[in-house]
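**Q** Just one file: data_39.txt, with compact mmCIF, C-alpha atoms.
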```txt
# COMPACT_ATOMS: atom_id res chain seq x y z
CA MET B 1 110.72 145.53 122.58
CA GLU B 2 111.73 147.95 119.90
CA ALA B 3 108.84 150.39 120.18
CA ASP B 4 107.07 151.56 123.28
CA VAL B 5 103.78 150.03 124.39
CA ASN B 6 101.74 153.10 123.42
CA THR B 7 102.99 152.89 119.84
CA TYR B 8 101.94 149.23 119.59
CA GLN B 9 98.55 149.90 121.18
CA LYS B 10 97.84 152.77 118.81
CA ALA B 11 98.89 150.69 115.79
CA LEU B 12 96.58 147.83 116.83
CA THR B 13 93.56 150.06 117.33
CA ASP B 14 94.09 152.80 114.74
CA MET B 15 95.75 151.21 111.69
CA ILE B 16 92.53 149.85 110.15
CA PRO B 17 89.74 152.47 110.08
CA TRP B 18 86.81 150.16 110.89
CA VAL B 19 88.77 148.62 113.80
CA LYS B 20 89.33 152.12 115.17
CA GLU B 21 85.60 152.78 114.90
CA SER B 22 84.84 149.46 116.65
CA GLY B 23 85.92 150.73 120.06
CA LEU B 24 88.51 147.93 120.41
CA LYS B 25 90.55 148.48 123.56
CA VAL B 26 93.98 147.15 124.42
CA GLU B 27 93.65 146.60 128.17
CA VAL B 28 96.92 144.72 128.73
CA PHE B 29 100.00 144.79 126.53
CA GLU B 30 103.04 143.36 128.25
CA GLU B 31 105.71 140.85 127.33
CA ARG B 32 103.96 137.64 126.15
CA HIS B 33 100.54 138.73 127.53
CA VAL B 34 97.73 140.77 125.98
CA ARG B 35 94.09 141.40 126.75
CA LEU B 36 91.82 143.15 124.25
CA SER B 37 88.12 143.91 124.54
CA VAL B 38 85.25 145.22 122.46
CA PRO B 39 82.24 147.09 123.89
CA LYS B 40 78.82 145.63 123.20
CA ASP B 41 77.31 149.03 122.35
CA LYS B 42 78.61 149.10 118.79
CA HIS B 43 78.33 145.38 118.10
CA LEU B 44 74.87 144.07 118.89
CA ASN B 45 73.15 142.41 115.95
CA HIS B 46 69.46 142.25 115.01
CA VAL B 47 68.67 139.83 117.88
CA GLY B 48 70.59 141.67 120.61
CA ILE B 49 73.78 139.59 120.73
CA ILE B 50 77.34 140.39 119.68
CA TYR B 51 77.75 140.19 115.92
CA ALA B 52 79.73 137.14 114.71
CA GLY B 53 82.27 139.27 112.83
CA THR B 54 83.13 141.08 116.05
CA HIS B 55 84.30 137.82 117.64
CA PHE B 56 86.49 137.20 114.58
CA MET B 57 87.98 140.71 114.60
CA LEU B 58 88.69 140.62 118.34
CA MET B 59 90.52 137.29 118.29
CA GLU B 60 92.39 137.94 115.04
CA ILE B 61 93.77 141.23 116.32
CA ALA B 62 94.45 139.80 119.79
CA GLY B 63 96.61 137.10 118.19
CA ALA B 64 98.54 139.70 116.23
CA ALA B 65 98.93 141.72 119.45
CA LEU B 66 100.34 138.68 121.24
CA PHE B 67 102.80 138.22 118.40
CA LEU B 68 103.97 141.84 118.76
CA ALA B 69 104.12 141.61 122.56
CA THR B 70 106.23 138.47 122.26
CA TYR B 71 108.56 139.10 119.34
CA GLY B 72 108.32 142.78 118.41
CA VAL B 73 108.09 143.94 114.80
CA LYS B 74 111.33 142.53 113.41
CA PRO B 75 112.24 140.45 111.56
CA PHE B 76 108.74 139.05 110.84
CA VAL B 77 105.26 140.45 110.29
CA PRO B 78 102.11 138.29 110.76
CA VAL B 79 99.42 138.05 108.09
CA ASN B 80 96.23 136.06 108.67
CA LYS B 81 96.35 132.99 106.41
CA GLY B 82 93.23 131.32 107.74
CA MET B 83 90.98 131.25 110.76
CA SER B 84 88.35 128.86 111.99
CA ILE B 85 85.89 130.05 114.59
CA ARG B 86 83.26 128.34 116.70
CA TYR B 87 80.48 130.27 118.40
CA LEU B 88 79.60 128.55 121.67
CA LYS B 89 77.15 130.86 123.46
CA PRO B 90 75.45 134.14 122.61
CA ALA B 91 77.18 137.17 124.12
CA ALA B 92 75.19 140.24 125.09
CA THR B 93 77.95 141.97 127.09
CA ASP B 94 81.36 143.35 126.20
CA ILE B 95 83.68 140.55 125.08
CA SER B 96 87.40 140.12 125.59
CA CYS B 97 90.31 137.95 124.54
CA ASP B 98 93.15 137.35 127.01
CA LEU B 99 96.25 135.61 125.62
CA THR B 100 99.49 134.49 127.24
CA ILE B 101 102.40 132.49 125.88
CA THR B 102 105.33 131.12 127.86
CA ARG B 103 108.90 131.84 126.90
CA ASP B 104 109.39 128.16 125.95
CA GLU B 105 106.22 128.06 123.82
CA ALA B 106 107.24 131.27 122.08
CA ARG B 107 110.69 129.91 121.29
CA ALA B 108 109.30 126.57 120.03
CA LYS B 109 106.76 128.29 117.74
CA MET B 110 109.46 130.50 116.22
CA GLU B 111 112.25 127.95 115.64
CA PRO B 112 110.90 126.46 112.37
CA ILE B 113 110.03 129.92 111.06
CA GLU B 114 113.50 131.27 111.74
CA ALA B 115 115.01 128.19 110.07
CA ARG B 116 112.98 128.75 106.85
CA GLY B 117 112.85 132.54 106.93
CA LYS B 118 109.02 132.42 106.92
CA GLY B 119 106.23 130.09 107.97
CA GLU B 120 103.03 129.45 109.88
CA TRP B 121 102.44 130.60 113.45
CA VAL B 122 99.27 128.92 114.76
CA LEU B 123 97.37 130.18 117.78
CA ASN B 124 94.30 128.82 119.57
CA MET B 125 92.29 131.39 121.49
CA SER B 126 88.90 132.21 122.96
CA ALA B 127 86.65 135.16 123.66
CA THR B 128 84.78 135.54 126.92
CA ASP B 129 81.87 137.69 128.07
CA GLU B 130 81.87 139.90 131.17
CA ASN B 131 80.89 136.90 133.32
CA GLY B 132 83.95 134.93 132.21
CA THR B 133 81.91 132.57 130.04
CA THR B 134 83.70 131.39 126.91
CA VAL B 135 81.49 132.55 124.04
CA SER B 136 83.68 131.63 121.07
CA THR B 137 86.93 129.87 120.23
CA SER B 138 89.20 130.03 117.22
CA THR B 139 92.36 128.75 115.64
CA CYS B 140 94.18 131.35 113.61
CA THR B 141 97.02 130.54 111.27
CA TYR B 142 99.20 133.59 110.77
CA TYR B 143 101.79 133.44 108.04
CA LEU B 144 104.99 135.16 109.11
CA LEU B 145 106.76 137.03 106.36
CA PRO B 146 110.03 138.94 106.53
CA MET B 147 109.32 142.53 107.53
CA PRO B 148 109.30 144.73 104.39
CA LYS B 149 112.24 147.10 104.20
```
Could you show the structure in this file as structure tokens?
**A**
Amino acid sequence: MEADVNTYQKALTDMIPWVKESGLKVEVFEERHVRLSVPKDKHLNHVGIIYAGTHFMLMEIAGAALFLATYGVKPFVPVNKGMSIRYLKPAATDISCDLTITRDEARAKMEPIEARGKGEWVLNMSATDENGTTVSTSTCTYYLLPMPK
């Protein structure tokens, strides 16, 4: 990868001010594998469960992190084009999103994008609570654009 892991982790957690304030943690950032988590303390809603927007933020950033951990920052940059989310169970603990992609899957996802010079990179993912229960799932469509010069 072009930049060191600490640079990527800091960019993921510090680039957007409200994400920095969220307490988002990058627990694992290695080639084709990431794990991000969010502490419950800052994210409980009016009925004592994790706020819906927190699930969205966690998975959206985890997908972008997986992209960076897989391909680096050149020549493409991901932008969220659309995301569907399904809330399965209430979460009252910290939540996390653990994503892995194989070398073959990564190559197959990137081939049509490299051929066109841009395109959609779709990722299915889930968030789990501290007990390992899947609390939400999503499909995020990132649009990959050439990295601005």
**Q** Would you kindly return, as a count of residues only, each protein, DNA or RNA residue with an atom no farther than 8 Å from any atom of Val73 in chain B, considering all atoms listed in the file and excluding same-chain residues fewer than 3 positions away?
**A** 5
**Q** Enumerate, as a tab-separated table (two decimals) with C-alpha atoms, keeping the file's coordinate frame, the protein, DNA and RNA residues whose atoms approach (88.0, 142.4, 126.7) to within 9 Å, taking into account all atoms listed in the file and the coordinate frame of the file.
**A**
```
chain	number	residue	atom	x	y	z
B	24	LEU	CA	88.51	147.93	120.41
B	25	LYS	CA	90.55	148.48	123.56
B	26	VAL	CA	93.98	147.15	124.42
B	27	GLU	CA	93.65	146.60	128.17
B	35	ARG	CA	94.09	141.40	126.75
B	36	LEU	CA	91.82	143.15	124.25
B	37	SER	CA	88.12	143.91	124.54
B	38	VAL	CA	85.25	145.22	122.46
B	39	PRO	CA	82.24	147.09	123.89
B	58	LEU	CA	88.69	140.62	118.34
B	94	ASP	CA	81.36	143.35	126.20
B	95	ILE	CA	83.68	140.55	125.08
B	96	SER	CA	87.40	140.12	125.59
B	97	CYS	CA	90.31	137.95	124.54
B	98	ASP	CA	93.15	137.35	127.01
B	127	ALA	CA	86.65	135.16	123.66
B	128	THR	CA	84.78	135.54	126.92
B	129	ASP	CA	81.87	137.69	128.07
B	130	GLU	CA	81.87	139.90	131.17
```
**Q** Quick one, how far is CA of Arg86 in chain B from CA of Val122 in chain B?
**A** 16.1 Å
**Q** What is the CA of Leu88 in chain B to CA of Lys42 in chain B distance in Å?
**A**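 Atom-to-atom, CA of Leu88 in chain B and CA of Lys42 in chain B are spaced 20.8 Å apart.
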**Q** Could you tell me how far CA of Ala115 in chain B lies from CA of Ala11 in chain B, in Å and to one decimal?
**A**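 Computed distance, CA of Ala115 in chain B to CA of Ala11 in chain B, equals 28.3 Å.
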**Q** Please rebuild range 107-121 of chain B with N, CA and C atoms and give the result as a short mmCIF file (atom, residue, chain, number, x, y, z; two decimals), in the frame of the given file.
**A**
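Result went into out.cif, see below:
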```
data_model
loop_
_atom_site.label_atom_id
_atom_site.label_comp_id
_atom_site.auth_asym_id
_atom_site.auth_seq_id
_atom_site.Cartn_x
_atom_site.Cartn_y
_atom_site.Cartn_z
N ARG B 107 109.46 130.34 121.96
CA ARG B 107 110.69 129.91 121.29
C ARG B 107 110.40 128.73 120.36
N ALA B 108 109.62 127.75 120.84
CA ALA B 108 109.30 126.57 120.03
C ALA B 108 108.50 126.93 118.78
N LYS B 109 107.57 127.87 118.90
CA LYS B 109 106.76 128.29 117.74
C LYS B 109 107.62 129.00 116.69
N MET B 110 108.66 129.69 117.14
CA MET B 110 109.46 130.50 116.22
C MET B 110 110.61 129.74 115.58
N GLU B 111 111.08 128.67 116.18
CA GLU B 111 112.25 127.95 115.64
C GLU B 111 112.10 127.53 114.18
N PRO B 112 111.00 126.86 113.79
CA PRO B 112 110.90 126.46 112.37
C PRO B 112 110.77 127.65 111.42
N ILE B 113 110.20 128.72 111.90
CA ILE B 113 110.03 129.92 111.06
C ILE B 113 111.38 130.58 110.83
N GLU B 114 112.16 130.68 111.89
CA GLU B 114 113.50 131.27 111.74
C GLU B 114 114.37 130.41 110.83
N ALA B 115 114.21 129.10 110.90
CA ALA B 115 115.01 128.19 110.07
C ALA B 115 114.69 128.37 108.58
N ARG B 116 113.42 128.60 108.26
CA ARG B 116 112.98 128.75 106.85
C ARG B 116 112.99 130.19 106.37
N GLY B 117 112.94 131.14 107.31
CA GLY B 117 112.85 132.54 106.93
C GLY B 117 111.42 133.01 106.74
N LYS B 118 110.45 132.13 106.99
CA LYS B 118 109.02 132.42 106.92
C LYS B 118 108.29 131.17 107.37
N GLY B 119 106.99 131.28 107.59
CA GLY B 119 106.23 130.09 107.97
C GLY B 119 104.99 130.40 108.77
N GLU B 120 104.31 129.33 109.17
CA GLU B 120 103.03 129.45 109.88
C GLU B 120 103.23 129.53 111.39
N TRP B 121 102.47 130.42 112.00
CA TRP B 121 102.44 130.60 113.45
C TRP B 121 100.97 130.42 113.84
#
```
